[in-house]
Structures are given as C-alpha cells and as structure tokens.
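In what follows, a structure is listed as structure tokens, so that the remarks can point back to it.
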Amino acid sequence: MELSALAKILGGKKVLQKSIQSQMDLVKLSNKGVTKDALLHLAKYLSFSMNQMAQLLPVTERTIQRYTSKKHFNRVVSEQILQIAEVAAKGSEVFEGRDKFLTWMNHPNKALDKKTPMSLLNSKFGVDMVLDELGRIEHGVFS
C-alpha cells in the first residue's frame, strides 16, 4: 500500500500539513495528533456519519463535535484513525476501487467469524485481522 493513498484519504498535504512518505511520518503524525478535519475526510471516504466513526474510536461523538476542524486528537485516538485509514487505503488498492472495497467491508466474512470487516475496526486486533484478510485476498487465498 502506498502511504500517499493513506494521506489522500485523510485530506492530503493540505489537511495533514505534511506529506506522508514513511512509517516514521505516521509515528510523528500520531504523536502530534490527527485533526478533526482529517477525521472528517476519512468519514466521508468511508461514507460514515460521525456517530459511526465515534463507535470505532476511543472518543464520544459529543467530544468529536466539540473539536474545531484544526484541533488535534490525542495519540491514542490518532493512532486508531490512522489504522482505519490504512485499512481503507489497502482495501481500495486490493479491490481496485473504493466502492468494491466498501461493499466488502459491510458484508459478513466467514474468515472473520462471520462479522463484517467494518465492525472490527474499533481495536488494533480487529484492524490487524482485517489487514491480514486483505493480504490473503490480494494474494488469491480466499477463506
């Protein structure tokens, strides 16, 4: 997965205030904090409401509403946002497009204990499981 695709999903250099070229850039971004504006771009990409995004993040919808567009989330929330964006970028690459990826994300998956991939994005373990499944699909190994 190209990190530029992840950055684009979050609003690109204009929103992130820097380009993402390495994993270290992601570490720095998570430490600095992702802005509400970047979260809004991710939600739009996933066709999610703020309520749906809040269910995936360790923060309430009300807290998100109180943030201004340029306010930074803490490291824990920022890391979760970046992990979800990583899934979105990888999935769009594997399925060669956003629409096919979103369809896959919202259907129960046998390999994921018949849960939808989207429902697992609220934890690091779930994100890892979804990324693993995307890797298997990418390599033609279907469960």
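Going by the structure tokens order, chains are called A, B, ..., each with residues numbered from 1, while ligands are numbered from 1 in the order shown.
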Find the residues around Val130 (chain A) up to 9 Å (only C-alpha atoms counted), leave out those fewer than 4 positions away in its own chain, and share them as a PDB file with N, CA, C and O atoms, in the first residue's frame.
```pdb
ATOM      1  N   VAL A  87      -6.424   0.680   6.599  1.00  0.00           N
ATOM      2  CA  VAL A  87      -7.324  -0.349   6.072  1.00  0.00           C
ATOM      3  C   VAL A  87      -8.022   0.166   4.816  1.00  0.00           C
ATOM      4  O   VAL A  87      -8.124  -0.544   3.816  1.00  0.00           O
ATOM      5  N   LEU A 112     -13.659 -13.968   9.205  1.00  0.00           N
ATOM      6  CA  LEU A 112     -13.664 -13.063  10.355  1.00  0.00           C
ATOM      7  C   LEU A 112     -14.808 -13.419  11.309  1.00  0.00           C
ATOM      8  O   LEU A 112     -15.461 -12.557  11.878  1.00  0.00           O
ATOM      9  N   PRO A 117     -16.092  -6.806   8.224  1.00  0.00           N
ATOM     10  CA  PRO A 117     -14.779  -6.209   8.483  1.00  0.00           C
ATOM     11  C   PRO A 117     -14.907  -4.836   9.165  1.00  0.00           C
ATOM     12  O   PRO A 117     -14.135  -4.523  10.074  1.00  0.00           O
ATOM     13  N   MET A 118     -15.907  -4.050   8.756  1.00  0.00           N
ATOM     14  CA  MET A 118     -16.081  -2.712   9.328  1.00  0.00           C
ATOM     15  C   MET A 118     -16.283  -2.772  10.841  1.00  0.00           C
ATOM     16  O   MET A 118     -15.779  -1.939  11.574  1.00  0.00           O
ATOM     17  N   LEU A 120     -14.976  -4.615  12.961  1.00  0.00           N
ATOM     18  CA  LEU A 120     -13.761  -4.973  13.693  1.00  0.00           C
ATOM     19  C   LEU A 120     -12.762  -3.822  13.807  1.00  0.00           C
ATOM     20  O   LEU A 120     -11.726  -3.973  14.447  1.00  0.00           O
ATOM     21  N   LEU A 121     -13.065  -2.698  13.203  1.00  0.00           N
ATOM     22  CA  LEU A 121     -12.094  -1.603  13.157  1.00  0.00           C
ATOM     23  C   LEU A 121     -11.995  -0.794  14.449  1.00  0.00           C
ATOM     24  O   LEU A 121     -11.265   0.186  14.506  1.00  0.00           O
ATOM     25  N   PHE A 125      -6.459  -5.143  17.293  1.00  0.00           N
ATOM     26  CA  PHE A 125      -6.522  -6.561  16.936  1.00  0.00           C
ATOM     27  C   PHE A 125      -7.456  -6.774  15.746  1.00  0.00           C
ATOM     28  O   PHE A 125      -7.155  -7.549  14.841  1.00  0.00           O
ATOM     29  N   GLY A 126      -8.593  -6.092  15.766  1.00  0.00           N
ATOM     30  CA  GLY A 126      -9.531  -6.201  14.658  1.00  0.00           C
ATOM     31  C   GLY A 126      -8.956  -5.638  13.370  1.00  0.00           C
ATOM     32  O   GLY A 126      -9.113  -6.223  12.298  1.00  0.00           O
ATOM     33  N   LEU A 134      -7.218  -8.892   3.988  1.00  0.00           N
ATOM     34  CA  LEU A 134      -6.960  -8.172   2.734  1.00  0.00           C
ATOM     35  C   LEU A 134      -5.690  -8.707   2.061  1.00  0.00           C
ATOM     36  O   LEU A 134      -5.634  -8.836   0.842  1.00  0.00           O
ATOM     37  N   GLY A 135      -4.681  -9.022   2.853  1.00  0.00           N
ATOM     38  CA  GLY A 135      -3.447  -9.595   2.316  1.00  0.00           C
ATOM     39  C   GLY A 135      -3.698 -10.948   1.661  1.00  0.00           C
ATOM     40  O   GLY A 135      -3.151 -11.243   0.601  1.00  0.00           O
TER      41      GLY A 135
END
```
Two-atom distance - CA of Phe48 (chain A), CA of Arg66 (chain A) (Å): 18.3 Å
DSSP-assigned strand (DSSP E or B) members of chain A, reported as a list in words: Thr35, His72, Asn109 and Lys115 of chain A
Spatial neighbours of Ala88 (chain A), 8 Å, only C-alpha atoms, chain gap at least 2 places, as JSON, numbers by chain: {"A": [6, 9, 46, 84, 85, 86, 90, 91, 92, 101]}
Residues within 8 Å of region 26-42 of chain A, only C-alpha atoms, excluding chain neighbours under 5 positions, as an MDAnalysis selection string: chainID A and resid 9:11 15:16 20 50 64 67:76 78:79 81:82 85
Output file for the selection above: C-alpha atoms, as a compact mmCIF listing (two decimals), in the first residue's frame:
```
# COMPACT_ATOMS: atom_id res chain seq x y z
CA ILE A 9 -7.90 9.57 2.30
CA LEU A 10 -7.14 11.87 5.25
CA GLY A 11 -7.24 15.01 3.11
CA VAL A 15 -5.07 18.85 5.79
CA LEU A 16 -2.15 16.91 7.28
CA ILE A 20 3.49 11.02 4.40
CA MET A 50 -19.77 10.96 12.91
CA ILE A 64 -15.74 14.99 18.33
CA TYR A 67 -13.48 19.86 18.39
CA THR A 68 -12.74 22.58 15.86
CA SER A 69 -11.57 21.40 12.44
CA LYS A 70 -7.90 22.16 13.25
CA LYS A 71 -7.84 20.70 16.78
CA HIS A 72 -5.67 17.61 17.19
CA PHE A 73 -6.86 14.37 18.78
CA ASN A 74 -4.64 12.68 21.35
CA ARG A 75 -2.18 9.98 20.34
CA VAL A 76 -4.48 7.02 21.10
CA SER A 78 -4.97 9.50 16.28
CA GLU A 79 -3.41 6.03 16.03
CA ILE A 81 -7.77 6.97 12.93
CA LEU A 82 -4.52 6.19 11.10
CA ALA A 85 -7.19 4.95 7.11
```
Secondary structure check, alpha helix (DSSP H) residues of chain A, as a ChimeraX atom specification: /A:3-9,12-16,23-32,36-46,50-56,61-66,75-94,98-105,124-138
Closest of A:Asn122, A:Glu96, A:Glu138, A:Ala43 to Val59 (chain A) - atom-to-atom distances counting only C-alpha atoms: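 Using only C-alpha atoms, Val59 (chain A) sits closest to A:Asn122.
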Interatomic distance, CA of Gln65 (chain A) to CA of Val77 (chain A) (Å, one decimal): 14.5 Å
CA of His139 (chain A) to CA of Gln21 (chain A), straight-line distance in Å: 24.6 Å
Nearest to Gln55 (chain A), chosen from A:Ser4, A:Gln80, A:Gln17, A:Thr103, with only C-alpha atoms counted in the distances: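 The answer is A:Gln80, which sits nearest to Gln55 (chain A).
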